[in-house]
>>> print(open('work-v7.pdb').read())   # PDB, C-alpha atoms
ATOM      1  CA  MET A  18      35.060  88.658  14.363
ATOM      2  CA  ILE A  19      34.290  92.066  15.781
ATOM      3  CA  ASP A  20      32.499  94.534  13.526
ATOM      4  CA  ALA A  21      32.801  97.813  15.405
ATOM      5  CA  GLU A  22      31.972  99.813  12.263
ATOM      6  CA  HIS A  23      28.944  97.700  11.295
ATOM      7  CA  LEU A  24      30.512  97.084   7.898
ATOM      8  CA  VAL A  25      28.744  93.759   7.403
ATOM      9  CA  THR A  26      25.284  95.263   7.930
ATOM     10  CA  GLU A  27      26.080  97.660   5.094
ATOM     11  CA  LEU A  28      27.590  95.081   2.733
ATOM     12  CA  TYR A  29      24.778  92.562   3.186
ATOM     13  CA  ALA A  30      21.829  94.917   3.935
ATOM     14  CA  ILE A  31      21.356  93.444   7.390
ATOM     15  CA  SER A  32      18.766  95.259   9.489
ATOM     16  CA  ASN A  33      18.457  93.023  12.532
ATOM     17  CA  VAL A  34      20.327  90.312  14.371
ATOM     18  CA  PRO A  35      20.647  87.437  14.525
ATOM     19  CA  THR A  36      20.839  87.271  10.760
ATOM     20  CA  VAL A  37      22.407  84.218   9.171
ATOM     21  CA  ILE A  38      23.721  83.842   5.609
ATOM     22  CA  TRP A  39      24.769  80.604   3.924
ATOM     23  CA  ILE A  40      27.724  81.043   1.593
ATOM     24  CA  ASP A  41      29.073  78.207  -0.524
ATOM     25  CA  GLU A  42      32.597  77.177  -1.478
ATOM     26  CA  ASN A  43      32.675  79.701  -4.343
ATOM     27  CA  ASN A  44      31.430  82.596  -2.219
ATOM     28  CA  GLN A  45      27.972  82.342  -3.729
ATOM     29  CA  ILE A  46      25.143  83.193  -1.363
ATOM     30  CA  ILE A  47      22.880  80.147  -1.067
ATOM     31  CA  GLN A  48      20.597  81.430   1.665
ATOM     32  CA  PRO A  49      20.430  85.220   1.963
ATOM     33  CA  ASN A  50      19.642  87.123   5.144
ATOM     34  CA  TRP A  51      17.612  84.815   7.356
ATOM     35  CA  THR A  52      16.536  85.303  10.944
ATOM     36  CA  ALA A  53      17.854  82.221  12.716
ATOM     37  CA  PHE A  54      18.748  81.533  16.302
ATOM     38  CA  GLY A  55      21.645  79.583  17.763
ATOM     39  CA  THR A  56      19.905  78.975  21.098
ATOM     40  CA  ASP A  57      16.427  79.033  22.631
ATOM     41  CA  THR A  58      17.266  81.858  25.033
ATOM     42  CA  PHE A  59      14.534  84.106  23.638
ATOM     43  CA  VAL A  60      12.135  81.447  22.382
ATOM     44  CA  GLU A  61       9.290  82.662  24.613
ATOM     45  CA  PHE A  62       9.547  86.099  23.031
ATOM     46  CA  THR A  63      10.291  85.095  19.429
ATOM     47  CA  GLY A  64       8.297  81.878  19.253
ATOM     48  CA  VAL A  65      11.048  80.412  17.087
ATOM     49  CA  GLU A  66      12.905  77.287  18.193
ATOM     50  CA  SER A  67      16.519  77.052  17.168
ATOM     51  CA  GLY A  68      16.608  73.263  16.729
ATOM     52  CA  PRO A  69      14.728  73.021  13.408
ATOM     53  CA  GLN A  70      16.724  75.952  12.059
ATOM     54  CA  LYS A  71      20.019  74.291  12.951
ATOM     55  CA  ASP A  72      18.750  71.091  11.333
ATOM     56  CA  LEU A  73      18.217  73.013   8.083
ATOM     57  CA  ILE A  74      21.779  74.295   8.259
ATOM     58  CA  ARG A  75      23.144  70.796   8.933
ATOM     59  CA  ARG A  76      21.260  69.444   5.920
ATOM     60  CA  TRP A  77      22.803  72.114   3.723
ATOM     61  CA  VAL A  78      26.297  71.406   5.033
ATOM     62  CA  THR A  79      26.036  67.642   4.770
ATOM     63  CA  ASN A  80      23.661  67.086   1.833
ATOM     64  CA  GLY A  81      23.515  70.398  -0.002
ATOM     65  CA  ASP A  82      19.789  70.819   0.703
ATOM     66  CA  VAL A  83      18.727  74.438   0.295
ATOM     67  CA  MET A  84      15.799  76.442   1.637
ATOM     68  CA  MET A  85      15.013  78.341  -1.545
ATOM     69  CA  THR A  86      15.830  78.419  -5.227
ATOM     70  CA  ALA A  87      18.400  80.870  -6.554
ATOM     71  CA  ASP A  88      15.602  82.864  -8.185
ATOM     72  CA  ALA A  89      13.782  83.130  -4.887
ATOM     73  CA  ALA A  90      17.024  84.042  -3.143
ATOM     74  CA  THR A  91      17.609  86.971  -5.470
ATOM     75  CA  ASP A  92      14.163  88.319  -4.563
ATOM     76  CA  ALA A  93      14.542  87.772  -0.833
ATOM     77  CA  VAL A  94      16.468  90.872   0.198
ATOM     78  CA  HIS A  95      15.630  94.406  -0.828
ATOM     79  CA  ASP A  96      18.366  96.991  -0.952
ATOM     80  CA  LEU A  97      18.992  99.573   1.708
ATOM     81  CA  SER A  98      17.293 102.904   1.152
ATOM     82  CA  PRO A  99      19.466 106.033   0.919
ATOM     83  CA  GLU A 100      18.279 106.908   4.421
ATOM     84  CA  GLU A 101      19.330 103.502   5.744
ATOM     85  CA  GLU A 102      22.734 103.900   4.088
ATOM     86  CA  GLN A 103      23.209 107.326   5.641
ATOM     87  CA  ALA A 104      22.029 106.095   9.032
ATOM     88  CA  ARG A 105      24.831 103.541   9.074
ATOM     89  CA  LEU A 106      27.362 106.275   8.365
ATOM     90  CA  TYR A 107      26.054 108.607  11.077
ATOM     91  CA  PHE A 108      26.080 105.640  13.456
ATOM     92  CA  ARG A 109      29.711 105.031  12.512
ATOM     93  CA  ILE A 110      30.632 108.660  13.221
ATOM     94  CA  GLY A 111      28.702 108.545  16.495
ATOM     95  CA  ALA A 112      30.552 105.448  17.643
ATOM     96  CA  HIS A 113      33.853 107.036  16.660
ATOM     97  CA  LEU A 114      33.102 110.240  18.579
ATOM     98  CA  ARG A 115      31.958 108.258  21.600
ATOM     99  CA  ARG A 116      35.232 106.348  21.619
ATOM    100  CA  ALA A 117      37.015 109.709  21.415
ATOM    101  CA  GLY A 118      35.091 111.009  24.441
ATOM    102  CA  ASP A 119      32.873 113.449  22.534
ATOM    103  CA  GLU A 120      29.536 112.446  24.060
ATOM    104  CA  PRO A 121      27.501 115.383  22.624
ATOM    105  CA  GLY A 122      28.934 114.686  19.190
ATOM    106  CA  ALA A 123      28.154 110.999  19.536
ATOM    107  CA  GLU A 124      24.593 111.724  20.611
ATOM    108  CA  ARG A 125      24.117 114.160  17.725
ATOM    109  CA  ASN A 126      25.097 111.490  15.214
ATOM    110  CA  PHE A 127      23.222 108.629  16.889
ATOM    111  CA  ALA A 128      20.075 110.781  16.936
ATOM    112  CA  MET A 129      20.487 111.524  13.247
ATOM    113  CA  ALA A 130      20.996 107.833  12.489
ATOM    114  CA  VAL A 131      17.874 106.805  14.388
ATOM    115  CA  GLU A 132      15.812 109.533  12.723
ATOM    116  CA  LEU A 133      16.885 108.225   9.314
ATOM    117  CA  ALA A 134      16.328 104.526  10.066
ATOM    118  CA  PRO A 135      13.830 104.208  12.932
ATOM    119  CA  TYR A 136      12.988 100.566  12.187
ATOM    120  CA  ASP A 137      16.540  99.322  11.670
ATOM    121  CA  TRP A 138      17.609  97.350  14.716
ATOM    122  CA  THR A 139      21.292  97.490  13.800
ATOM    123  CA  VAL A 140      21.032 101.263  14.054
ATOM    124  CA  ARG A 141      18.393 102.165  16.626
ATOM    125  CA  ARG A 142      18.727  99.275  19.046
ATOM    126  CA  ALA A 143      22.471  99.096  18.637
ATOM    127  CA  ALA A 144      22.648 102.761  19.595
ATOM    128  CA  MET A 145      20.620 102.252  22.777
ATOM    129  CA  PRO A 146      23.434 101.087  25.063
ATOM    130  CA  LEU A 147      25.763 103.663  23.510
ATOM    131  CA  ARG A 148      23.224 106.394  24.388
ATOM    132  CA  GLY A 149      22.736 105.183  27.952
ATOM    133  CA  ALA A 150      19.510 103.265  27.305
ATOM    134  CA  ASP A 151      18.739  99.653  28.121
ATOM    135  CA  PRO A 152      18.501  97.598  24.903
ATOM    136  CA  PHE A 153      16.135  95.264  26.780
ATOM    137  CA  GLY A 154      14.214  98.063  28.483
ATOM    138  CA  GLU A 155      11.495 100.587  27.780
ATOM    139  CA  GLU A 156      13.168 101.935  24.635
ATOM    140  CA  PHE A 157      13.342  98.437  23.199
ATOM    141  CA  PHE A 158       9.630  97.809  23.668
ATOM    142  CA  THR A 159       8.801 101.245  22.272
ATOM    143  CA  MET A 160      10.804 100.424  19.166
ATOM    144  CA  TYR A 161       9.312  96.943  18.977
ATOM    145  CA  GLY A 162       5.797  98.380  18.966
ATOM    146  CA  GLU A 163       6.627 100.980  16.324
ATOM    147  CA  TRP A 164       8.386  98.346  14.208
ATOM    148  CA  GLN A 165       5.366  96.040  14.361
ATOM    149  CA  GLU A 166       3.018  98.901  13.455
ATOM    150  CA  ALA A 167       5.247  99.597  10.443
ATOM    151  CA  GLY A 168       4.777  96.009   9.236
ATOM    152  CA  SER A 169       7.889  94.472  10.850
ATOM    153  CA  PRO A 170      10.265  95.577   8.083
ATOM    154  CA  TYR A 171      13.267  93.286   7.599
ATOM    155  CA  HIS A 172      15.809  92.996   4.805
ATOM    156  CA  GLY A 173      15.607  89.271   4.291
ATOM    157  CA  VAL A 174      13.728  86.114   5.157
ATOM    158  CA  PRO A 175      12.000  86.183   8.563
ATOM    159  CA  SER A 176      11.950  83.157  10.836
ATOM    160  CA  ARG A 177       9.260  80.593  10.265
TER     161      ARG A 177
ATOM    162  CA  MET B  23      46.147  96.143  -2.664
ATOM    163  CA  SER B  24      44.690  92.790  -1.605
ATOM    164  CA  ASP B  25      40.988  92.044  -1.498
ATOM    165  CA  SER B  26      41.133  92.146   2.260
ATOM    166  CA  GLN B  27      42.828  95.518   2.259
ATOM    167  CA  ASN B  28      40.152  96.708  -0.133
ATOM    168  CA  ALA B  29      37.592  95.486   2.333
ATOM    169  CA  GLN B  30      39.296  97.462   5.083
ATOM    170  CA  SER B  31      39.017 100.707   3.106
ATOM    171  CA  MET B  32      35.302 100.112   2.551
ATOM    172  CA  CYS B  33      34.270 102.117   5.574
ATOM    173  CA  ALA B  34      36.316 105.264   5.943
ATOM    174  CA  LEU B  35      36.193 108.012   8.528
ATOM    175  CA  ILE B  36      38.001 111.123   7.394
ATOM    176  CA  ALA B  37      38.716 113.801   9.960
ATOM    177  CA  GLY B  38      39.312 117.400   8.990
ATOM    178  CA  GLY B  39      36.299 117.982   6.841
ATOM    179  CA  PRO B  40      35.262 117.104   3.366
ATOM    180  CA  PHE B  41      38.329 118.575   1.665
ATOM    181  CA  ILE B  42      41.610 116.661   1.516
ATOM    182  CA  ASP B  43      44.776 116.870  -0.522
ATOM    183  CA  ALA B  44      44.827 114.546  -3.507
ATOM    184  CA  ASN B  45      47.825 112.696  -2.090
ATOM    185  CA  GLN B  46      45.711 111.746   0.952
ATOM    186  CA  LEU B  47      43.077 110.025  -1.155
ATOM    187  CA  PRO B  48      44.775 106.603  -1.458
ATOM    188  CA  GLU B  49      45.058 106.263   2.293
ATOM    189  CA  ALA B  50      41.560 107.633   2.865
ATOM    190  CA  LEU B  51      39.622 105.630   0.299
ATOM    191  CA  GLY B  52      42.069 103.333  -1.462
ATOM    192  CA  TRP B  53      41.728 105.272  -4.734
ATOM    193  CA  GLU B  54      44.026 107.692  -6.506
ATOM    194  CA  LEU B  55      43.300 110.599  -8.825
ATOM    195  CA  LYS B  56      45.188 110.087 -12.095
ATOM    196  CA  PRO B  57      44.884 111.683 -15.552
ATOM    197  CA  GLN B  58      42.659 108.776 -16.623
ATOM    198  CA  GLY B  59      40.339 109.201 -13.635
ATOM    199  CA  LEU B  60      39.943 107.765 -10.168
ATOM    200  CA  CYS B  61      42.019 104.599 -10.077
ATOM    201  CA  GLN B  62      42.488 101.614  -7.841
ATOM    202  CA  ASP B  63      45.051  99.112  -9.070
ATOM    203  CA  ASP B  64      44.228  98.601 -12.746
ATOM    204  CA  VAL B  65      40.634  99.809 -12.458
ATOM    205  CA  CYS B  66      39.868 103.424 -13.318
ATOM    206  CA  VAL B  67      36.600 105.337 -13.118
ATOM    207  CA  PRO B  68      36.613 108.115 -15.706
ATOM    208  CA  VAL B  69      36.060 111.596 -14.347
ATOM    209  CA  ALA B  70      34.517 113.920 -16.923
ATOM    210  CA  ASP B  71      34.967 117.067 -14.863
ATOM    211  CA  VAL B  72      37.872 116.951 -12.432
ATOM    212  CA  ALA B  73      37.058 120.458 -11.236
ATOM    213  CA  ALA B  74      33.765 119.135  -9.913
ATOM    214  CA  LEU B  75      35.725 116.929  -7.509
ATOM    215  CA  LYS B  76      37.536 119.906  -6.026
ATOM    216  CA  GLU B  77      36.624 122.641  -3.578
ATOM    217  CA  ASP B  78      35.349 125.855  -5.118
ATOM    218  CA  SER B  79      38.438 127.866  -4.289
ATOM    219  CA  GLY B  80      41.491 125.677  -4.104
ATOM    220  CA  ASP B  81      42.891 122.427  -5.298
ATOM    221  CA  ARG B  82      41.829 120.038  -2.550
ATOM    222  CA  LEU B  83      39.460 117.194  -3.312
ATOM    223  CA  ASP B  84      35.911 117.137  -2.028
ATOM    224  CA  VAL B  85      35.573 113.674  -0.495
ATOM    225  CA  LEU B  86      31.788 113.822  -0.820
ATOM    226  CA  ALA B  87      32.091 114.396  -4.575
ATOM    227  CA  VAL B  88      34.716 111.661  -4.887
ATOM    228  CA  ALA B  89      32.470 109.244  -3.004
ATOM    229  CA  ALA B  90      29.535 110.091  -5.267
ATOM    230  CA  THR B  91      31.681 109.412  -8.340
ATOM    231  CA  LEU B  92      32.630 106.030  -6.902
ATOM    232  CA  ASP B  93      28.961 105.300  -6.071
ATOM    233  CA  ARG B  94      29.697 105.179  -2.369
ATOM    234  CA  PRO B  95      27.409 106.836   0.191
ATOM    235  CA  ALA B  96      28.910 109.578   2.334
ATOM    236  CA  VAL B  97      27.814 111.935   5.076
ATOM    237  CA  HIS B  98      29.505 114.896   6.725
ATOM    238  CA  ASP B  99      29.136 115.878  10.362
ATOM    239  CA  ASP B 100      29.989 119.540   9.950
ATOM    240  CA  VAL B 101      30.273 120.115  13.700
ATOM    241  CA  ALA B 102      32.952 117.498  14.347
ATOM    242  CA  ASN B 103      34.106 117.951  10.753
ATOM    243  CA  ILE B 104      34.217 114.244  10.019
ATOM    244  CA  VAL B 105      33.183 112.528   6.803
ATOM    245  CA  ALA B 106      32.061 108.911   6.783
ATOM    246  CA  VAL B 107      32.247 107.100   3.459
ATOM    247  CA  GLY B 108      30.463 103.803   3.093
ATOM    248  CA  ALA B 109      31.135 100.711   1.054
ATOM    249  CA  PRO B 110      30.616 100.720  -2.712
ATOM    250  CA  ARG B 111      26.927 100.171  -3.428
ATOM    251  CA  ALA B 112      27.951  97.752  -6.174
ATOM    252  CA  SER B 113      29.217  95.284  -3.570
ATOM    253  CA  ARG B 114      25.863  95.111  -1.827
ATOM    254  CA  ARG B 115      23.924  95.035  -5.069
ATOM    255  CA  GLN B 116      26.042  92.107  -6.234
ATOM    256  CA  ALA B 117      25.118  90.320  -3.048
ATOM    257  CA  ILE B 118      21.418  91.063  -3.425
ATOM    258  CA  ASN B 119      21.011  90.660  -7.173
ATOM    259  CA  ASP B 120      23.739  88.179  -8.134
ATOM    260  CA  LEU B 121      24.194  86.411  -4.786
ATOM    261  CA  VAL B 122      27.928  87.082  -4.790
ATOM    262  CA  ALA B 123      29.144  87.348  -1.196
ATOM    263  CA  PRO B 124      31.176  90.545  -0.726
ATOM    264  CA  ASP B 125      34.565  90.045   0.848
ATOM    265  CA  PHE B 126      35.378  91.856   4.055
ATOM    266  CA  ALA B 127      38.048  91.690   6.712
ATOM    267  CA  LEU B 128      37.451  92.157  10.426
ATOM    268  CA  PRO B 129      39.567  91.589  13.533
ATOM    269  CA  ASP B 130      39.051  88.441  15.565
ATOM    270  CA  LEU B 131      39.121  88.447  19.359
ATOM    271  CA  ALA B 132      42.930  88.429  19.278
ATOM    272  CA  GLY B 133      43.002  91.421  16.931
ATOM    273  CA  SER B 134      44.120  89.501  13.851
ATOM    274  CA  LEU B 135      42.333  90.368  10.616
ATOM    275  CA  VAL B 136      40.159  87.605   9.229
ATOM    276  CA  ALA B 137      38.656  87.860   5.750
ATOM    277  CA  LEU B 138      35.757  86.010   4.209
ATOM    278  CA  ASN B 139      38.032  85.078   1.336
ATOM    279  CA  ASP B 140      40.311  83.255   3.778
ATOM    280  CA  PHE B 141      37.651  80.543   3.743
ATOM    281  CA  ARG B 142      37.192  80.262  -0.014
ATOM    282  CA  GLY B 143      36.705  76.624  -0.934
ATOM    283  CA  LYS B 144      34.685  75.918   2.192
ATOM    284  CA  LYS B 145      31.038  76.349   3.056
ATOM    285  CA  LYS B 146      30.583  79.310   5.343
ATOM    286  CA  LEU B 147      27.842  80.268   7.805
ATOM    287  CA  LEU B 148      27.951  84.017   8.337
ATOM    288  CA  VAL B 149      26.177  84.773  11.619
ATOM    289  CA  ALA B 150      25.645  88.423  12.475
ATOM    290  CA  PHE B 151      24.673  88.979  16.071
ATOM    291  CA  SER B 152      25.166  91.411  18.898
ATOM    292  CA  SER B 153      25.969  91.022  22.545
ATOM    293  CA  TRP B 154      23.870  94.168  23.141
TER     294      TRP B 154
END
>>> encode(input="work-v7.pdb", output="structure tokens")
Amino acid sequence: MIDAEHLVTELYAISNVPTVIWIDENNQIIQPNWTAFGTDTFVEFTGVESGPQKDLIRRWVTNGDVMMTADAATDAVHDLSPEEEQARLYFRIGAHLRRAGDEPGAERNFAMAVELAPYDWTVRRAAMPLRGADPFGEEFFTMYGEWQEAGSPYHGVPSR
Amino acid sequence: MSDSQNAQSMCALIAGGPFIDANQLPEALGWELKPQGLCQDDVCVPVADVAALKEDSGDRLDVLAVAATLDRPAVHDDVANIVAVGAPRASRRQAINDLVAPDFALPDLAGSLVALNDFRGKKKLLVAFSSW
């Protein structure tokens, strides 16, 4: 599924990817926002192996084993701030204007979005390739450093 | 309007500025201004002061005021004159506080809409990632 408008990041308060959510047969969230990897492509950078994470998912699917209680799950994700909400909307306008060929308009909105949510990867890093920057380049490492200095904010359960 | 269609109207981009005719509201946001308030299907949000939803001089609706009444975030790029209206905050708060997964519909690689609710009755792994 292609989420050109970043709707899912708004609905589920997702601030980085990959983020994985377990949802049961009744559309109840069993495991909220969790940083989990499908491969080991970036294991040297993240230090997180995908195998144990996929084992946890298999155990939930086959046995119903969960990672956290429902009470813990309800405390795991904090809501988006008003600035983070607005950033998503400016990002959406920026992407729309870029598709329409209005590069200055796109840049104006992407810049506003990044100013509002400087530590949100779904905003700032996602905007990098749309603003002509390399999402694996200098801008990425600048953001990574700033994000770490800010305490590595994440709406959900980090990898472990 | 189906749940999936509701999900589609969750993120709206409205060109032409913050003021629209009332008859454009259903297409723009999926809601309609009626005597009993802002309504979607059989759900109505009472509006105490309808005039507060309208432009100062005229009868058009202020989308920013409508969005605020519906507890949806909105921003206006006054250069391009585009308003973006986000999803109802209640959907996200239900997810965070009550662990109820909000429905949404998105196109697959073939362009066909796929909704979370299409998979009701099955366990689902929602994986958000980017190709960067």
>>> residues_around(input="work-v7.pdb", residues="Leu51 (chain B)", least_positions_apart="2", cutoff="9 Å", atoms="all atoms listed in the file", output="VMD selection string")
chain B and resid 28 31 to 34 46 to 49 53 to 54 89 107
>>> atom_distance(input="work-v7.pdb", atom1="CA of Asp63 (chain B)", atom2="CA of Asp43 (chain B)")
19.7 Å
>>> atom_distance(input="work-v7.pdb", atom1="CA of Ser152 (chain B)", atom2="CA of Ile118 (chain B)")
22.6 Å
>>> residues_around(input="work-v7.pdb", residues="Val105 (chain B)", least_positions_apart="2", cutoff="10 Å", atoms="all atoms listed in the file", output="JSON, numbers by chain")
{"A": [106, 107, 110], "B": [34, 35, 36, 37, 38, 39, 40, 41, 85, 86, 96, 97, 98, 99, 100, 102, 103, 107, 108]}
>>> resolve_selection(input="work-v7.pdb", expression="the ChimeraX specification (/B :<6) & /A", output="list in words")
Met18, Ile19, Leu28, Tyr29, Val34, Pro35, Thr36, Val37, Ile38, Trp39, Ile40, Asp41, Glu42, Asn44, Gln45, Ile46, Thr91 and Leu106 of chain A
>>> decode(input="work-v7.pdb", residues="region 31-122 of chain B", atoms="C-alpha atoms", output="compact mmCIF listing (two decimals), in the first residue's frame")
# COMPACT_ATOMS: atom_id res chain seq x y z
CA SER B 31 -11.60 11.90 3.37
CA MET B 32 -9.35 11.91 6.43
CA CYS B 33 -6.62 13.88 4.73
CA ALA B 34 -8.02 16.65 2.58
CA LEU B 35 -6.29 19.24 0.45
CA ILE B 36 -8.57 22.09 -0.47
CA ALA B 37 -7.44 24.48 -3.17
CA GLY B 38 -8.80 28.00 -3.43
CA GLY B 39 -8.25 29.15 0.09
CA PRO B 40 -9.93 28.64 3.38
CA PHE B 41 -13.39 29.71 2.22
CA ILE B 42 -15.66 27.33 0.32
CA ASP B 43 -19.34 27.16 -0.48
CA ALA B 44 -21.34 25.02 1.92
CA ASN B 45 -22.30 22.66 -0.89
CA GLN B 46 -18.59 21.88 -1.41
CA LEU B 47 -18.12 20.70 2.16
CA PRO B 48 -19.29 17.08 1.69
CA GLU B 49 -16.80 16.49 -1.09
CA ALA B 50 -14.04 18.35 0.74
CA LEU B 51 -14.36 16.82 4.19
CA GLY B 52 -17.17 14.27 4.06
CA TRP B 53 -19.39 16.41 6.31
CA GLU B 54 -22.42 18.55 5.60
CA LEU B 55 -23.77 21.65 7.30
CA LYS B 56 -27.37 21.04 8.36
CA PRO B 57 -29.73 22.85 10.76
CA GLN B 58 -28.72 20.38 13.49
CA GLY B 59 -25.01 20.99 12.95
CA LEU B 60 -22.17 19.45 11.00
CA CYS B 61 -23.34 16.00 9.96
CA GLN B 62 -21.87 12.86 8.51
CA ASP B 63 -24.37 10.06 7.95
CA ASP B 64 -26.36 9.89 11.18
CA VAL B 65 -23.72 11.62 13.30
CA CYS B 66 -24.05 15.35 13.91
CA VAL B 67 -21.75 17.73 15.76
CA PRO B 68 -23.79 20.61 17.16
CA VAL B 69 -22.68 24.05 16.08
CA ALA B 70 -23.59 26.73 18.62
CA ASP B 71 -22.66 29.65 16.39
CA VAL B 72 -22.96 28.95 12.68
CA ALA B 73 -21.79 32.47 11.89
CA ALA B 74 -18.45 31.60 13.45
CA LEU B 75 -17.96 28.99 10.72
CA LYS B 76 -18.39 31.57 7.98
CA GLU B 77 -16.20 34.27 6.49
CA ASP B 78 -16.62 37.72 7.98
CA SER B 79 -18.34 39.19 4.95
CA GLY B 80 -20.20 36.55 3.02
CA ASP B 81 -21.80 33.19 3.36
CA ARG B 82 -18.94 30.85 2.53
CA LEU B 83 -17.62 28.45 5.13
CA ASP B 84 -14.22 28.87 6.71
CA VAL B 85 -12.65 25.42 6.38
CA LEU B 86 -10.24 26.16 9.22
CA ALA B 87 -13.16 26.89 11.56
CA VAL B 88 -15.03 23.80 10.36
CA ALA B 89 -11.95 21.66 10.96
CA ALA B 90 -11.56 23.07 14.47
CA THR B 91 -15.19 22.24 15.23
CA LEU B 92 -14.60 18.68 14.06
CA ASP B 93 -11.39 18.48 16.14
CA ARG B 94 -9.27 18.04 13.04
CA PRO B 95 -5.96 19.89 12.60
CA ALA B 96 -5.69 22.25 9.64
CA VAL B 97 -3.14 24.59 8.13
CA HIS B 98 -3.36 27.16 5.36
CA ASP B 99 -0.59 27.99 2.91
CA ASP B 100 -1.73 31.49 2.07
CA VAL B 101 0.69 31.81 -0.85
CA ALA B 102 -0.54 28.78 -2.78
CA ASN B 103 -3.94 29.24 -1.13
CA ILE B 104 -4.28 25.61 -0.14
CA VAL B 105 -5.72 24.25 3.09
CA ALA B 106 -4.69 20.86 4.42
CA VAL B 107 -7.05 19.23 6.89
CA GLY B 108 -5.83 16.27 8.88
CA ALA B 109 -7.54 13.23 10.30
CA PRO B 110 -9.85 13.52 13.30
CA ARG B 111 -7.73 13.59 16.46
CA ALA B 112 -10.23 11.19 18.03
CA SER B 113 -9.10 8.42 15.68
CA ARG B 114 -5.50 8.67 16.82
CA ARG B 115 -6.43 9.07 20.46
CA GLN B 116 -8.54 5.92 20.23
CA ALA B 117 -5.51 4.13 18.90
CA ILE B 118 -3.23 5.45 21.64
CA ASN B 119 -5.58 5.32 24.61
CA ASP B 120 -8.00 2.51 23.75
CA LEU B 121 -5.82 0.51 21.35
CA VAL B 122 -8.49 0.59 18.65
